[in-house]
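Colleague: If it helps, the file is called protein-v3.pdb and holds PDB, C-alpha atoms:
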ATOM      1  CA  MET G   1      57.538 -53.650  39.361  1.00  0.00           C
ATOM      2  CA  LYS G   2      59.623 -51.709  41.848  1.00  0.00           C
ATOM      3  CA  SER G   3      60.907 -53.491  44.941  1.00  0.00           C
ATOM      4  CA  LEU G   4      60.302 -51.956  48.366  1.00  0.00           C
ATOM      5  CA  HIS G   5      64.017 -51.240  48.631  1.00  0.00           C
ATOM      6  CA  SER G   6      64.493 -49.621  45.260  1.00  0.00           C
ATOM      7  CA  GLU G   7      66.925 -46.748  44.911  1.00  0.00           C
ATOM      8  CA  SER G   8      64.072 -44.321  44.220  1.00  0.00           C
ATOM      9  CA  ILE G   9      62.365 -45.171  47.496  1.00  0.00           C
ATOM     10  CA  LEU G  10      65.659 -45.018  49.395  1.00  0.00           C
ATOM     11  CA  LEU G  11      66.448 -41.587  47.908  1.00  0.00           C
ATOM     12  CA  ALA G  12      62.955 -40.334  48.741  1.00  0.00           C
ATOM     13  CA  ASP G  13      63.418 -41.580  52.305  1.00  0.00           C
ATOM     14  CA  GLN G  14      66.782 -39.818  52.652  1.00  0.00           C
ATOM     15  CA  LEU G  15      65.250 -36.588  51.362  1.00  0.00           C
ATOM     16  CA  ARG G  16      62.372 -36.933  53.810  1.00  0.00           C
ATOM     17  CA  ARG G  17      64.662 -37.652  56.776  1.00  0.00           C
ATOM     18  CA  ALA G  18      66.951 -34.706  55.981  1.00  0.00           C
ATOM     19  CA  PHE G  19      63.979 -32.356  55.860  1.00  0.00           C
ATOM     20  CA  GLU G  20      61.394 -33.753  58.291  1.00  0.00           C
ATOM     21  CA  GLY G  21      63.167 -35.882  60.853  1.00  0.00           C
ATOM     22  CA  GLU G  22      64.163 -39.339  62.032  1.00  0.00           C
ATOM     23  CA  ALA G  23      67.651 -38.673  60.712  1.00  0.00           C
ATOM     24  CA  TRP G  24      70.595 -40.584  62.130  1.00  0.00           C
ATOM     25  CA  HIS G  25      72.734 -37.486  62.700  1.00  0.00           C
ATOM     26  CA  GLY G  26      70.319 -35.448  64.812  1.00  0.00           C
ATOM     27  CA  PRO G  27      67.687 -32.791  64.123  1.00  0.00           C
ATOM     28  CA  ALA G  28      66.493 -32.356  60.555  1.00  0.00           C
ATOM     29  CA  LEU G  29      65.535 -29.041  59.026  1.00  0.00           C
ATOM     30  CA  LEU G  30      61.919 -28.881  60.240  1.00  0.00           C
ATOM     31  CA  GLU G  31      62.921 -29.993  63.716  1.00  0.00           C
ATOM     32  CA  LEU G  32      65.359 -27.076  63.877  1.00  0.00           C
ATOM     33  CA  LEU G  33      62.649 -24.658  62.747  1.00  0.00           C
ATOM     34  CA  GLU G  34      59.994 -25.720  65.300  1.00  0.00           C
ATOM     35  CA  ASP G  35      60.788 -23.023  67.867  1.00  0.00           C
ATOM     36  CA  ILE G  36      61.921 -20.255  65.534  1.00  0.00           C
ATOM     37  CA  ASP G  37      59.844 -17.090  65.279  1.00  0.00           C
ATOM     38  CA  ALA G  38      59.922 -14.505  62.487  1.00  0.00           C
ATOM     39  CA  GLY G  39      62.381 -12.246  64.294  1.00  0.00           C
ATOM     40  CA  THR G  40      64.857 -15.059  64.842  1.00  0.00           C
ATOM     41  CA  ALA G  41      64.368 -16.330  61.289  1.00  0.00           C
ATOM     42  CA  ALA G  42      65.135 -12.903  59.804  1.00  0.00           C
ATOM     43  CA  ALA G  43      68.001 -12.042  62.179  1.00  0.00           C
ATOM     44  CA  LYS G  44      71.596 -11.895  61.028  1.00  0.00           C
ATOM     45  CA  PRO G  45      73.630 -12.591  64.159  1.00  0.00           C
ATOM     46  CA  LEU G  46      76.717 -13.276  62.052  1.00  0.00           C
ATOM     47  CA  ARG G  47      77.865 -10.654  59.579  1.00  0.00           C
ATOM     48  CA  SER G  48      77.886 -11.605  55.876  1.00  0.00           C
ATOM     49  CA  VAL G  49      75.933 -14.823  56.539  1.00  0.00           C
ATOM     50  CA  HIS G  50      72.463 -15.652  55.262  1.00  0.00           C
ATOM     51  CA  SER G  51      69.600 -15.604  57.761  1.00  0.00           C
ATOM     52  CA  ILE G  52      67.611 -18.698  58.679  1.00  0.00           C
ATOM     53  CA  TRP G  53      64.728 -17.340  56.609  1.00  0.00           C
ATOM     54  CA  GLU G  54      66.969 -16.868  53.571  1.00  0.00           C
ATOM     55  CA  LEU G  55      68.265 -20.420  53.951  1.00  0.00           C
ATOM     56  CA  VAL G  56      64.742 -21.857  54.172  1.00  0.00           C
ATOM     57  CA  THR G  57      63.624 -20.101  50.982  1.00  0.00           C
ATOM     58  CA  HIS G  58      66.888 -21.131  49.285  1.00  0.00           C
ATOM     59  CA  ILE G  59      66.285 -24.788  50.180  1.00  0.00           C
ATOM     60  CA  ALA G  60      62.723 -24.564  48.837  1.00  0.00           C
ATOM     61  CA  ALA G  61      64.006 -22.970  45.630  1.00  0.00           C
ATOM     62  CA  TRP G  62      66.405 -25.853  45.043  1.00  0.00           C
ATOM     63  CA  ASP G  63      63.770 -28.484  45.843  1.00  0.00           C
ATOM     64  CA  GLY G  64      61.684 -26.786  43.153  1.00  0.00           C
ATOM     65  CA  ALA G  65      64.640 -26.707  40.768  1.00  0.00           C
ATOM     66  CA  ALA G  66      65.145 -30.455  41.280  1.00  0.00           C
ATOM     67  CA  CYS G  67      61.480 -31.062  40.408  1.00  0.00           C
ATOM     68  CA  ARG G  68      61.791 -28.907  37.307  1.00  0.00           C
ATOM     69  CA  ARG G  69      64.909 -30.785  36.246  1.00  0.00           C
ATOM     70  CA  LEU G  70      63.108 -34.082  36.750  1.00  0.00           C
ATOM     71  CA  SER G  71      60.401 -32.821  34.385  1.00  0.00           C
ATOM     72  CA  GLY G  72      63.060 -32.237  31.722  1.00  0.00           C
ATOM     73  CA  GLU G  73      63.762 -28.543  32.220  1.00  0.00           C
ATOM     74  CA  LYS G  74      67.302 -27.174  32.131  1.00  0.00           C
ATOM     75  CA  VAL G  75      67.550 -25.152  35.371  1.00  0.00           C
ATOM     76  CA  GLN G  76      70.315 -23.226  37.102  1.00  0.00           C
ATOM     77  CA  LEU G  77      69.228 -20.833  39.841  1.00  0.00           C
ATOM     78  CA  THR G  78      71.006 -17.513  40.194  1.00  0.00           C
ATOM     79  CA  GLY G  79      70.340 -14.209  41.929  1.00  0.00           C
ATOM     80  CA  VAL G  80      66.964 -13.908  43.657  1.00  0.00           C
ATOM     81  CA  ALA G  81      65.873 -17.245  42.181  1.00  0.00           C
ATOM     82  CA  ASN G  82      68.690 -18.826  44.209  1.00  0.00           C
ATOM     83  CA  PHE G  83      68.143 -16.762  47.373  1.00  0.00           C
ATOM     84  CA  PRO G  84      64.645 -15.250  47.189  1.00  0.00           C
ATOM     85  CA  ILE G  85      64.106 -11.871  48.830  1.00  0.00           C
ATOM     86  CA  VAL G  86      62.703 -12.162  52.343  1.00  0.00           C
ATOM     87  CA  PRO G  87      59.577 -10.070  52.970  1.00  0.00           C
ATOM     88  CA  LYS G  88      59.014  -7.910  56.034  1.00  0.00           C
ATOM     89  CA  PRO G  89      59.463 -10.321  58.963  1.00  0.00           C
ATOM     90  CA  THR G  90      55.990 -11.034  60.296  1.00  0.00           C
ATOM     91  CA  GLU G  91      54.881 -14.267  61.919  1.00  0.00           C
ATOM     92  CA  ALA G  92      52.382 -14.851  59.090  1.00  0.00           C
ATOM     93  CA  ALA G  93      55.042 -14.354  56.410  1.00  0.00           C
ATOM     94  CA  TRP G  94      57.459 -16.673  58.240  1.00  0.00           C
ATOM     95  CA  ARG G  95      54.839 -19.428  58.637  1.00  0.00           C
ATOM     96  CA  LYS G  96      53.974 -19.022  54.946  1.00  0.00           C
ATOM     97  CA  ALA G  97      57.648 -19.452  53.979  1.00  0.00           C
ATOM     98  CA  VAL G  98      57.937 -22.628  56.068  1.00  0.00           C
ATOM     99  CA  THR G  99      54.649 -23.986  54.681  1.00  0.00           C
ATOM    100  CA  GLN G 100      55.769 -23.304  51.114  1.00  0.00           C
ATOM    101  CA  ALA G 101      59.074 -25.052  51.780  1.00  0.00           C
ATOM    102  CA  LYS G 102      57.199 -28.069  53.199  1.00  0.00           C
ATOM    103  CA  ARG G 103      54.876 -28.214  50.190  1.00  0.00           C
ATOM    104  CA  GLN G 104      57.721 -27.997  47.699  1.00  0.00           C
ATOM    105  CA  HIS G 105      59.645 -30.654  49.573  1.00  0.00           C
ATOM    106  CA  ASP G 106      56.610 -32.968  49.701  1.00  0.00           C
ATOM    107  CA  VAL G 107      56.233 -32.678  45.927  1.00  0.00           C
ATOM    108  CA  LEU G 108      59.893 -33.590  45.481  1.00  0.00           C
ATOM    109  CA  VAL G 109      59.720 -36.603  47.821  1.00  0.00           C
ATOM    110  CA  LYS G 110      56.551 -37.940  46.168  1.00  0.00           C
ATOM    111  CA  THR G 111      58.041 -37.452  42.709  1.00  0.00           C
ATOM    112  CA  VAL G 112      61.272 -39.224  43.620  1.00  0.00           C
ATOM    113  CA  ALA G 113      59.483 -42.162  45.300  1.00  0.00           C
ATOM    114  CA  THR G 114      57.669 -42.954  42.053  1.00  0.00           C
ATOM    115  CA  LEU G 115      60.632 -42.661  39.688  1.00  0.00           C
ATOM    116  CA  PRO G 116      61.518 -45.757  37.691  1.00  0.00           C
ATOM    117  CA  GLU G 117      65.048 -46.965  38.421  1.00  0.00           C
ATOM    118  CA  SER G 118      66.062 -46.271  34.830  1.00  0.00           C
ATOM    119  CA  ARG G 119      65.196 -42.586  35.252  1.00  0.00           C
ATOM    120  CA  LEU G 120      67.798 -42.219  37.989  1.00  0.00           C
ATOM    121  CA  ARG G 121      70.547 -43.134  35.495  1.00  0.00           C
ATOM    122  CA  GLU G 122      69.485 -40.448  33.015  1.00  0.00           C
ATOM    123  CA  ARG G 123      71.517 -37.275  32.746  1.00  0.00           C
ATOM    124  CA  VAL G 124      70.142 -34.089  34.295  1.00  0.00           C
ATOM    125  CA  PRO G 125      69.348 -31.587  31.507  1.00  0.00           C
ATOM    126  CA  GLY G 126      72.375 -29.346  30.971  1.00  0.00           C
ATOM    127  CA  LYS G 127      74.531 -31.187  33.536  1.00  0.00           C
ATOM    128  CA  ARG G 128      77.221 -33.865  33.458  1.00  0.00           C
ATOM    129  CA  TYR G 129      75.647 -35.967  36.190  1.00  0.00           C
ATOM    130  CA  ASN G 130      72.593 -38.172  36.515  1.00  0.00           C
ATOM    131  CA  PHE G 131      69.431 -37.794  38.593  1.00  0.00           C
ATOM    132  CA  SER G 132      70.617 -40.196  41.285  1.00  0.00           C
ATOM    133  CA  PHE G 133      73.677 -38.022  41.909  1.00  0.00           C
ATOM    134  CA  MET G 134      71.563 -34.858  41.875  1.00  0.00           C
ATOM    135  CA  LEU G 135      69.045 -36.228  44.376  1.00  0.00           C
ATOM    136  CA  GLN G 136      71.781 -37.388  46.743  1.00  0.00           C
ATOM    137  CA  GLY G 137      73.133 -33.865  46.442  1.00  0.00           C
ATOM    138  CA  VAL G 138      69.740 -32.343  47.295  1.00  0.00           C
ATOM    139  CA  ALA G 139      69.659 -34.315  50.560  1.00  0.00           C
ATOM    140  CA  GLN G 140      73.245 -33.262  51.317  1.00  0.00           C
ATOM    141  CA  HIS G 141      72.355 -29.640  50.501  1.00  0.00           C
ATOM    142  CA  GLU G 142      69.462 -29.674  52.958  1.00  0.00           C
ATOM    143  CA  LEU G 143      71.604 -31.138  55.719  1.00  0.00           C
ATOM    144  CA  TYR G 144      74.398 -28.652  55.039  1.00  0.00           C
ATOM    145  CA  HIS G 145      72.003 -25.742  55.453  1.00  0.00           C
ATOM    146  CA  ALA G 146      70.321 -27.381  58.458  1.00  0.00           C
ATOM    147  CA  GLY G 147      73.748 -27.316  60.120  1.00  0.00           C
ATOM    148  CA  GLN G 148      74.063 -23.631  59.318  1.00  0.00           C
ATOM    149  CA  ILE G 149      70.619 -23.031  60.801  1.00  0.00           C
ATOM    150  CA  ALA G 150      71.621 -24.821  64.010  1.00  0.00           C
ATOM    151  CA  ILE G 151      74.659 -22.535  64.323  1.00  0.00           C
ATOM    152  CA  LEU G 152      72.587 -19.427  63.555  1.00  0.00           C
ATOM    153  CA  LYS G 153      70.078 -20.387  66.268  1.00  0.00           C
ATOM    154  CA  LYS G 154      72.900 -20.597  68.812  1.00  0.00           C
ATOM    155  CA  ALA G 155      74.447 -17.323  67.619  1.00  0.00           C
ATOM    156  CA  GLN G 156      71.086 -15.547  67.813  1.00  0.00           C
ATOM    157  CA  ALA G 157      70.424 -16.897  71.315  1.00  0.00           C
ATOM    158  CA  ARG G 158      73.822 -15.583  72.458  1.00  0.00           C
ATOM    159  CA  SER G 159      73.331 -12.152  70.888  1.00  0.00           C
ATOM    160  CA  ALA G 160      69.866 -11.873  72.501  1.00  0.00           C
ATOM    161  CA  LYS G 161      71.368 -12.240  76.007  1.00  0.00           C
TER
END
What's the structure tokens form of this structure?

Modeller:
Amino acid sequence: MKSLHSESILLADQLRRAFEGEAWHGPALLELLEDIDAGTAAAKPLRSVHSIWELVTHIAAWDGAACRRLSGEKVQLTGVANFPIVPKPTEAAWRKAVTQAKRQHDVLVKTVATLPESRLRERVPGKRYNFSFMLQGVAQHELYHAGQIAILKKAQARSAK
């Protein structure tokens, strides 16, 4: 039986906090997205930098890749699988992208919370690291891109003035 403080539950909690909120560092991904509209999400206020929308779909793609790896699949995202193409920026399309990211993230968090401790020590298919390391990396990845999104929001607000 798993204790309430098992590594799986702690990892699931870190993933949830990085994405949804109640993080120690400040706003999590969804908190940063609350006031973003489709135009802002698709904007590129900094040359040669991904848009907020591109980052959100990229995060969702990697949450999905983590789930696929946990199911035993050897996965490495490249090209449009890594950064999916953003559709025409409409409010409906933007809300759909955020909803899909939330759904994919929820699946990942629920999957991780139920993992036996022994599973965390297993090697990720095709990689030299284990699932514990990968899942810590997923949380770090989401926070890294959340920081980029915070900067892009500020850059977009300045360019809109």

Colleague: Using all atoms listed in the file, which residues sit within 7 Å of G:Pro45 once same-chain residues fewer than 4 positions away are excluded, as a PyMOL selection string?

Modeller: chain G and resi 152+155-156+159

Colleague: What's around stretch 72-84 of chain G at 10 Å? Count only C-alpha atoms, leave out sequence neighbours fewer than 6 positions away in its own chain, and write the answer as a list in words.

Modeller: His50, Trp53, Glu54, Leu55, Val56, Thr57, His58, Ile59, Ala60, Ala61, Trp62, Gly64, Ala65, Ala66, Arg123, Val124, Pro125, Gly126 and Lys127 of chain G

Colleague: For the interface of stretch 53-104 of chain G with stretch 28-38 of chain G (cut-off 9 Å, counting only C-alpha atoms), please tabulate each contacting residue of stretch 53-104 of chain G alongside its nearest pair of atoms and their separation in Å to one decimal, rows sorted by chain and increasing number, as JSON lines.

Modeller:
{"residue": "G:Trp53", "atom": "CA", "partner": "G:Ala38", "partner_atom": "CA", "distance": 8.1}
{"residue": "G:Val56", "atom": "CA", "partner": "G:Leu29", "partner_atom": "CA", "distance": 8.7}
{"residue": "G:Pro89", "atom": "CA", "partner": "G:Ala38", "partner_atom": "CA", "distance": 5.5}
{"residue": "G:Thr90", "atom": "CA", "partner": "G:Ala38", "partner_atom": "CA", "distance": 5.7}
{"residue": "G:Glu91", "atom": "CA", "partner": "G:Ala38", "partner_atom": "CA", "distance": 5.1}
{"residue": "G:Ala92", "atom": "CA", "partner": "G:Ala38", "partner_atom": "CA", "distance": 8.3}
{"residue": "G:Ala93", "atom": "CA", "partner": "G:Ala38", "partner_atom": "CA", "distance": 7.8}
{"residue": "G:Trp94", "atom": "CA", "partner": "G:Ala38", "partner_atom": "CA", "distance": 5.4}
{"residue": "G:Arg95", "atom": "CA", "partner": "G:Ala38", "partner_atom": "CA", "distance": 8.1}
{"residue": "G:Val98", "atom": "CA", "partner": "G:Leu33", "partner_atom": "CA", "distance": 8.4}
{"residue": "G:Lys102", "atom": "CA", "partner": "G:Leu30", "partner_atom": "CA", "distance": 8.5}

Colleague: Closest to G:Tyr129 among G:Arg69, G:Gly26, G:Gly21, G:Lys110, using only C-alpha atoms?

Modeller: G:Arg69

Colleague: Determine, counting only C-alpha atoms, which protein, DNA and RNA residues have an atom within 9 Å of an atom of G:Glu7; residues of the same chain fewer than 3 positions away are not included. Present the result as JSON, numbers by chain.

Modeller: {"G": [10, 11, 12, 113, 117, 120, 132]}

Colleague: Would you translate the PyMOL selection byres ((chain G and resi 138) around 8) into the concrete set of residues it matches in this file, as a list in words?

Modeller: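 For this structure, the PyMOL selection byres ((chain G and resi 138) around 8) captures Leu15, Trp62, Asp63, Ala66, Met134, Leu135, Gln136, Gly137, Ala139, Gln140, His141 and Glu142 of chain G.
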